Amino acid sequence: MLQTQILRRVTHGFILLWLFISIAVNAAPEFPQLDDRVVDTAGLLSTSMRDALSSELAAHERATSNQVVVVTLTSLQGYSIDDFGNQLGRHWGIGQKERDNGVLLIVAPNERKVRIEVGYGLEGVLTDALSHNIIQK
């Protein structure tokens, strides 16, 4: 009798653990493909604007080694822009790993959100206050 109760509890524990893991895996956001320095999934930019911006960002990267990527999103998929941006930056691996010198400009027009995610290597240069000023202007 005692062994049956223990077995039931262990079985229920494994079932609950499996449910939590499957929910966490299924809850991860879907990210667009990183195929350029400008990923315009919301369709906000003309082709010429996107190409010009991408060229400028490539030149900036060659001059400084800092990688800047711009992404427009149709949806944040229920996530806060901070959380989505942090996960997206890690998923894409923006910047050089040893320098952590990536910057991600996120625009989510349907949620009316804009954010600049900055790698730790650039936080002294591109501070939260400066990022805020850039967004406001």
# chains A, B, ... in the order shown; residues from 1 in each chain; ligands from 1
call {"tool": "select_by_dssp", "arguments": {"residues": "chain A", "states": "strand (DSSP E)", "output": "MDAnalysis selection string"}}
result
chainID A and resid 38:40 67:72 102:108 113:118
call {"tool": "select_by_dssp", "arguments": {"residues": "chain A", "states": "alpha helix (DSSP H)", "output": "PyMOL selection string"}}
result
chain A and resi 2-26+47-64+81-92+128-136
call {"tool": "closest_residue", "arguments": {"among": "A:Glu61, A:Glu56, A:Glu30, A:Asp100", "to": "Gly78 of chain A", "atoms": "only C-alpha atoms"}}
result
A:Glu30
call {"tool": "closest_residue", "arguments": {"among": "A:Tyr79, A:Tyr120, A:Phe31, A:Phe84", "to": "Glu98 of chain A", "atoms": "only C-alpha atoms"}}
result
A:Tyr120
call {"tool": "residues_around", "arguments": {"residues": "segment 39-41 of chain A", "least_positions_apart": "5", "cutoff": "12 Å", "atoms": "only C-alpha atoms", "output": "ChimeraX atom specification"}}
result
/A:31-34,46-47,49-51,53-54,68-76,92,104-109
call {"tool": "atom_distance", "arguments": {"atom1": "atom CA of Ser55 of chain A", "atom2": "atom CA of Lys137 of chain A"}}
result
22.3 Å
call {"tool": "residues_around", "arguments": {"residues": "Gln96 of chain A", "least_positions_apart": "6", "cutoff": "12 Å", "atoms": "only C-alpha atoms", "output": "PyMOL selection string"}}
result
chain A and resi 61+64-68+89-90+102-103+119-122
call {"tool": "atom_distance", "arguments": {"atom1": "atom CA of Pro29 of chain A", "atom2": "atom CA of Glu123 of chain A"}}
result
25.6 Å
call {"tool": "decode", "arguments": {"residues": "segment 5-125 of chain A", "atoms": "C-alpha atoms", "output": "compact mmCIF listing (two decimals), in the first residue's frame"}}
result
# COMPACT_ATOMS: atom_id res chain seq x y z
CA GLN A 5 1.21 5.69 -2.85
CA ILE A 6 4.89 6.51 -3.34
CA LEU A 7 4.75 5.27 -6.93
CA ARG A 8 1.65 7.42 -7.60
CA ARG A 9 3.32 10.52 -6.16
CA VAL A 10 6.46 9.97 -8.19
CA THR A 11 4.40 9.38 -11.33
CA HIS A 12 2.34 12.53 -10.70
CA GLY A 13 5.55 14.48 -10.09
CA PHE A 14 7.00 13.34 -13.41
CA ILE A 15 3.78 14.19 -15.22
CA LEU A 16 3.75 17.69 -13.71
CA LEU A 17 7.42 18.17 -14.56
CA TRP A 18 6.80 17.07 -18.15
CA LEU A 19 3.85 19.49 -18.42
CA PHE A 20 5.89 22.42 -17.12
CA ILE A 21 8.74 21.66 -19.52
CA SER A 22 6.42 21.29 -22.51
CA ILE A 23 4.66 24.57 -21.66
CA ALA A 24 7.98 26.39 -21.31
CA VAL A 25 9.26 25.02 -24.62
CA ASN A 26 6.03 25.88 -26.45
CA ALA A 27 5.93 29.36 -24.90
CA ALA A 28 9.20 30.50 -26.49
CA PRO A 29 8.67 33.29 -29.03
CA GLU A 30 9.18 32.71 -32.73
CA PHE A 31 11.97 34.85 -34.10
CA PRO A 32 12.38 36.12 -37.65
CA GLN A 33 15.37 34.97 -39.66
CA LEU A 34 18.45 37.19 -39.37
CA ASP A 35 19.32 37.64 -43.04
CA ASP A 36 20.61 41.22 -43.07
CA ARG A 37 21.43 44.13 -40.76
CA VAL A 38 17.85 45.33 -41.32
CA VAL A 39 15.07 42.78 -40.77
CA ASP A 40 11.82 44.51 -41.71
CA THR A 41 9.14 41.92 -40.95
CA ALA A 42 6.56 44.67 -40.30
CA GLY A 43 7.13 46.08 -43.80
CA LEU A 44 7.77 49.63 -42.63
CA LEU A 45 10.67 50.43 -44.95
CA SER A 46 10.92 50.72 -48.71
CA THR A 47 13.50 48.53 -50.40
CA SER A 48 15.72 51.53 -51.08
CA MET A 49 15.49 52.72 -47.45
CA ARG A 50 16.26 49.22 -46.15
CA ASP A 51 19.23 48.83 -48.50
CA ALA A 52 20.64 52.27 -47.64
CA LEU A 53 20.31 51.67 -43.90
CA SER A 54 21.88 48.23 -44.23
CA SER A 55 24.83 49.74 -46.13
CA GLU A 56 25.33 52.40 -43.45
CA LEU A 57 25.22 49.79 -40.69
CA ALA A 58 27.72 47.60 -42.56
CA ALA A 59 30.09 50.57 -42.94
CA HIS A 60 29.71 51.36 -39.24
CA GLU A 61 30.53 47.75 -38.36
CA ARG A 62 33.64 47.78 -40.58
CA ALA A 63 34.81 51.04 -38.96
CA THR A 64 34.10 50.15 -35.32
CA SER A 65 33.50 46.36 -35.15
CA ASN A 66 30.24 47.17 -33.33
CA GLN A 67 27.29 45.38 -34.91
CA VAL A 68 23.96 47.22 -35.10
CA VAL A 69 20.85 45.42 -36.31
CA VAL A 70 17.43 46.98 -36.87
CA VAL A 71 14.32 44.80 -36.66
CA THR A 72 10.68 45.69 -37.17
CA LEU A 73 8.14 43.21 -35.84
CA THR A 74 4.49 42.65 -36.57
CA SER A 75 4.03 41.34 -33.02
CA LEU A 76 5.85 40.89 -29.73
CA GLN A 77 3.82 37.68 -29.29
CA GLY A 78 2.59 38.69 -25.85
CA TYR A 79 6.06 39.42 -24.47
CA SER A 80 7.29 42.74 -23.15
CA ILE A 81 9.60 44.44 -25.63
CA ASP A 82 12.47 44.16 -23.10
CA ASP A 83 12.06 40.40 -22.76
CA PHE A 84 11.51 39.81 -26.47
CA GLY A 85 14.50 41.98 -27.39
CA ASN A 86 16.78 40.30 -24.89
CA GLN A 87 15.82 36.84 -26.14
CA LEU A 88 16.10 37.90 -29.79
CA GLY A 89 19.55 39.42 -29.28
CA ARG A 90 20.77 36.21 -27.63
CA HIS A 91 19.13 34.05 -30.30
CA TRP A 92 20.73 36.01 -33.13
CA GLY A 93 24.07 36.47 -31.35
CA ILE A 94 24.38 40.15 -32.21
CA GLY A 95 27.91 41.54 -31.87
CA GLN A 96 31.21 39.81 -31.23
CA LYS A 97 30.96 37.25 -28.47
CA GLU A 98 34.22 38.24 -26.74
CA ARG A 99 33.36 41.96 -26.89
CA ASP A 100 29.56 41.78 -26.46
CA ASN A 101 29.36 44.80 -28.74
CA GLY A 102 26.00 44.37 -30.39
CA VAL A 103 23.08 46.78 -30.56
CA LEU A 104 19.55 45.83 -31.51
CA LEU A 105 16.97 48.48 -32.43
CA ILE A 106 13.50 46.95 -32.14
CA VAL A 107 10.37 48.57 -33.56
CA ALA A 108 6.98 46.96 -32.88
CA PRO A 109 4.46 49.38 -34.46
CA ASN A 110 1.31 47.41 -33.61
CA GLU A 111 2.17 47.56 -29.90
CA ARG A 112 3.61 51.09 -30.30
CA LYS A 113 6.90 50.02 -28.74
CA VAL A 114 10.51 50.86 -29.57
CA ARG A 115 13.57 49.66 -27.70
CA ILE A 116 17.33 49.67 -28.03
CA GLU A 117 19.03 46.58 -26.59
CA VAL A 118 22.72 47.14 -25.93
CA GLY A 119 25.41 44.51 -25.34
CA TYR A 120 27.36 44.82 -22.09
CA GLY A 121 30.46 45.85 -24.01
CA LEU A 122 28.75 49.04 -25.20
CA GLU A 123 26.73 50.02 -22.14
CA GLY A 124 29.27 52.68 -21.18
CA VAL A 125 28.95 54.32 -24.60
